[in-house]
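S.K.: Next comes the structure file target21.pdb, holding PDB, C-alpha atoms.
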ATOM      1  CA  MET A   1     -12.789 -16.174 -10.932
ATOM      2  CA  SER A   2     -15.854 -17.116  -8.914
ATOM      3  CA  ASP A   3     -14.252 -20.058  -7.053
ATOM      4  CA  ALA A   4     -11.129 -18.080  -6.198
ATOM      5  CA  ALA A   5      -9.895 -17.588  -2.672
ATOM      6  CA  GLU A   6      -8.930 -14.128  -1.466
ATOM      7  CA  TYR A   7      -5.537 -13.264  -0.038
ATOM      8  CA  LEU A   8      -4.252 -10.158   1.694
ATOM      9  CA  VAL A   9      -0.839  -9.559   0.153
ATOM     10  CA  HIS A  10       1.862  -7.209   1.408
ATOM     11  CA  ILE A  11       4.654  -6.455  -1.041
ATOM     12  CA  GLU A  12       7.772  -4.456  -0.267
ATOM     13  CA  VAL A  13      10.385  -3.742  -2.919
ATOM     14  CA  ASP A  14      13.985  -4.278  -1.823
ATOM     15  CA  TRP A  15      15.773  -2.650  -4.758
ATOM     16  CA  PRO A  16      19.486  -2.221  -4.031
ATOM     17  CA  PRO A  17      20.517   1.401  -3.386
ATOM     18  CA  ASP A  18      23.262   1.032  -5.997
ATOM     19  CA  GLY A  19      20.929  -0.689  -8.502
ATOM     20  CA  ASP A  20      21.003   0.496 -12.110
ATOM     21  CA  PRO A  21      18.409   3.311 -12.428
ATOM     22  CA  VAL A  22      17.825   2.552 -16.118
ATOM     23  CA  ARG A  23      17.059  -1.102 -15.320
ATOM     24  CA  ARG A  24      14.810   0.020 -12.434
ATOM     25  CA  ASP A  25      12.829   2.278 -14.790
ATOM     26  CA  GLU A  26      12.477  -0.572 -17.318
ATOM     27  CA  LEU A  27      11.232  -2.885 -14.585
ATOM     28  CA  MET A  28       8.787  -0.246 -13.308
ATOM     29  CA  ALA A  29       7.223   0.064 -16.786
ATOM     30  CA  ALA A  30       7.022  -3.736 -17.102
ATOM     31  CA  GLU A  31       5.554  -3.974 -13.576
ATOM     32  CA  ARG A  32       2.788  -1.472 -14.434
ATOM     33  CA  ALA A  33       1.922  -3.430 -17.585
ATOM     34  CA  ARG A  34       1.860  -6.768 -15.738
ATOM     35  CA  GLY A  35      -0.196  -5.230 -12.939
ATOM     36  CA  ARG A  36      -2.818  -4.073 -15.454
ATOM     37  CA  GLU A  37      -2.981  -7.614 -16.861
ATOM     38  CA  LEU A  38      -3.499  -9.066 -13.379
ATOM     39  CA  VAL A  39      -6.242  -6.505 -12.665
ATOM     40  CA  GLU A  40      -7.993  -7.329 -15.956
ATOM     41  CA  ALA A  41      -7.772 -11.055 -15.132
ATOM     42  CA  GLY A  42      -9.410 -10.406 -11.737
ATOM     43  CA  THR A  43      -6.330 -11.518  -9.819
ATOM     44  CA  ILE A  44      -5.673  -8.134  -8.211
ATOM     45  CA  ARG A  45      -8.920  -6.822  -6.729
ATOM     46  CA  ARG A  46      -7.707  -3.895  -4.588
ATOM     47  CA  LEU A  47      -4.366  -2.202  -4.079
ATOM     48  CA  TRP A  48      -3.126   0.440  -1.636
ATOM     49  CA  ARG A  49       0.342   1.980  -1.490
ATOM     50  CA  VAL A  50       2.131   2.487   1.814
ATOM     51  CA  PRO A  51       3.119   6.164   2.100
ATOM     52  CA  GLY A  52       6.824   6.690   2.667
ATOM     53  CA  ARG A  53       7.761   3.169   1.568
ATOM     54  CA  TRP A  54       8.153   1.322  -1.696
ATOM     55  CA  ALA A  55       5.418  -1.058  -0.594
ATOM     56  CA  ASN A  56       1.755  -1.913  -1.030
ATOM     57  CA  TRP A  57      -1.082  -3.974   0.398
ATOM     58  CA  GLY A  58      -3.563  -5.652  -1.892
ATOM     59  CA  VAL A  59      -6.422  -8.084  -2.086
ATOM     60  CA  TRP A  60      -5.509 -10.770  -4.587
ATOM     61  CA  CYS A  61      -7.695 -13.657  -5.792
ATOM     62  CA  ALA A  62      -6.505 -17.026  -7.035
ATOM     63  CA  ALA A  63      -7.961 -20.484  -7.477
ATOM     64  CA  SER A  64      -5.156 -22.015  -5.398
ATOM     65  CA  PRO A  65      -2.023 -21.047  -3.474
ATOM     66  CA  ASP A  66       0.007 -22.336  -6.417
ATOM     67  CA  ASP A  67      -1.883 -20.015  -8.781
ATOM     68  CA  LEU A  68      -1.267 -17.101  -6.431
ATOM     69  CA  HIS A  69       2.431 -17.930  -6.317
ATOM     70  CA  ALA A  70       2.561 -18.061 -10.121
ATOM     71  CA  ALA A  71       0.898 -14.638 -10.353
ATOM     72  CA  LEU A  72       3.290 -13.124  -7.806
ATOM     73  CA  ALA A  73       6.298 -14.738  -9.477
ATOM     74  CA  SER A  74       5.211 -13.212 -12.800
ATOM     75  CA  LEU A  75       5.881  -9.715 -11.466
ATOM     76  CA  PRO A  76       9.015  -8.262 -13.094
ATOM     77  CA  PHE A  77      10.346  -7.061  -9.710
ATOM     78  CA  PHE A  78       9.807 -10.536  -8.149
ATOM     79  CA  PRO A  79      13.522 -11.162  -7.426
ATOM     80  CA  TRP A  80      13.559  -7.961  -5.336
ATOM     81  CA  LEU A  81      10.215  -8.380  -3.555
ATOM     82  CA  ASP A  82       9.571  -9.266   0.066
ATOM     83  CA  ILE A  83       6.047 -10.737  -0.030
ATOM     84  CA  GLN A  84       3.774 -11.718   2.842
ATOM     85  CA  VAL A  85       0.522 -13.564   2.115
ATOM     86  CA  ILE A  86      -2.421 -13.906   4.492
ATOM     87  CA  PRO A  87      -5.248 -16.213   3.315
ATOM     88  CA  LEU A  88      -8.681 -14.716   3.978
ATOM     89  CA  ALA A  89     -11.914 -16.470   4.904
ATOM     90  CA  HIS A  90     -15.421 -15.049   4.904
ATOM     91  CA  HIS A  91     -16.677 -13.657   8.213
ATOM     92  CA  PRO A  92     -20.404 -14.073   9.019
ATOM     93  CA  ASN A  93     -20.631 -10.440  10.209
ATOM     94  CA  ASP A  94     -18.859  -8.910   7.224
ATOM     95  CA  PRO A  95     -20.577  -5.566   6.583
ATOM     96  CA  GLY A  96     -19.806  -6.076   2.886
ATOM     97  CA  THR A  97     -22.353  -8.893   2.755
ATOM     98  CA  HIS A  98     -26.068  -8.676   3.344
ATOM     99  CA  TRP A  99     -26.947  -9.918   6.805
ATOM    100  CA  GLU A 100     -29.584  -8.875   9.282
ATOM    101  CA  ALA A 101     -29.043  -8.415  12.975
ATOM    102  CA  ASP A 102     -30.900 -10.715  15.324
ATOM    103  CA  ASP A 103     -33.618  -8.565  16.952
ATOM    104  CA  SER A 104     -34.429 -11.068  19.682
TER     105      SER A 104
END
Would you mind writing the structure in this file as structure tokens?

M.R.:
Amino acid sequence: MSDAAEYLVHIEVDWPPDGDPVRRDELMAAERARGRELVEAGTIRRLWRVPGRWANWGVWCAASPDDLHAALASLPFFPWLDIQVIPLAHHPNDPGTHWEADDS
């Protein structure tokens, strides 16, 4: 996925308090499996959970916004997800890239 754009994605699960716990457990297993597939495909690059919430932040990669939407919509919990997407652009002073300070 070399030509992919990066996106900062915040996902919060809005499962109903009276939701079926058996269905929730089935969806959680399916979500883990789909997440592994998206990691293996290079779509999910990093993922952090939010302590105390059923939420996470992640760095996702996709060739287009439509491809990102398709990946997010493929998540089994999608109908119960509140998703915020922030497109990312490279910064010239990113410490993750190799740059040298101007000594002048």

S.K.: Applying 12 Å and all atoms listed in the file, which residues near His69 (chain A) remain after dropping the ones on its own chain fewer than 3 positions away? List them as a ChimeraX atom specification.

M.R.: /A:7,9,43,60-66,72-75,78,83-85

S.K.: Report the distance between CA of Thr97 (chain A) and CA of Asp3 (chain A) in Å, rounded to one decimal place.

M.R.: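 Between CA of Thr97 (chain A) and CA of Asp3 (chain A) the gap is 16.9 Å.
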
S.K.: Within 6 Å of (3.2, -4.2, -2.7) (coordinates as in the file), grab all the protein and nucleic acid residues, counting only C-alpha atoms, and write them out as a VMD selection string.

M.R.: chain A and resid 10 to 12 55 to 57

S.K.: So what do you get for CA of Arg49 (chain A) versus CA of His91 (chain A), distance-wise?

M.R.: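 Interatomic distance, CA of Arg49 (chain A) to CA of His91 (chain A): 25.1 Å.
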
S.K.: Choose the residue, out of A:Leu81, A:Val59, A:Pro87, A:Pro95, that has the smallest atom-to-atom separation from Val13 (chain A); count all atoms listed in the file.

M.R.: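 Once distances to Val13 (chain A) are computed over all atoms listed in the file, the minimum belongs to A:Leu81.
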
S.K.: Report, in Å with one decimal, the straight-line distance from CA of Glu40 (chain A) to CA of Leu68 (chain A).

M.R.: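 Computed distance, CA of Glu40 (chain A) to CA of Leu68 (chain A), equals 15.2 Å.
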
S.K.: Which is closer to Arg23 (chain A) than all the others in A:Arg36, A:Gly58, A:Pro76, A:Gly52, using only C-alpha atoms?

M.R.: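 Residue with the minimum atom-to-atom distance to Arg23 (chain A): A:Pro76.
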
S.K.: Selected by the PyMOL selection byres ((chain A and resi 15) around 12) in the shown coordinates: which residues, as a PyMOL selection string?

M.R.: chain A and resi 12-14+16-21+23-25+27-28+53-55+77-82

S.K.: Name the residues, using the chain letters and numbers of the file, that sit within 8 Å of (-8.1, -14.6, 3.3) when counting all atoms listed in the file, and give them as number ranges by chain.

M.R.: A: 5-8, 86-90

S.K.: Determine the axis-aligned bounding box of all atoms of region 30-43 of chain A present in the file, pad each side by 8 Å, and express its centre and edge lengths in Å to one decimal place as AutoDock Vina command-line options.

M.R.:
--center_x -1.2 --center_y -6.5 --center_z -13.7 --size_x 32.4 --size_y 26.0 --size_z 23.8
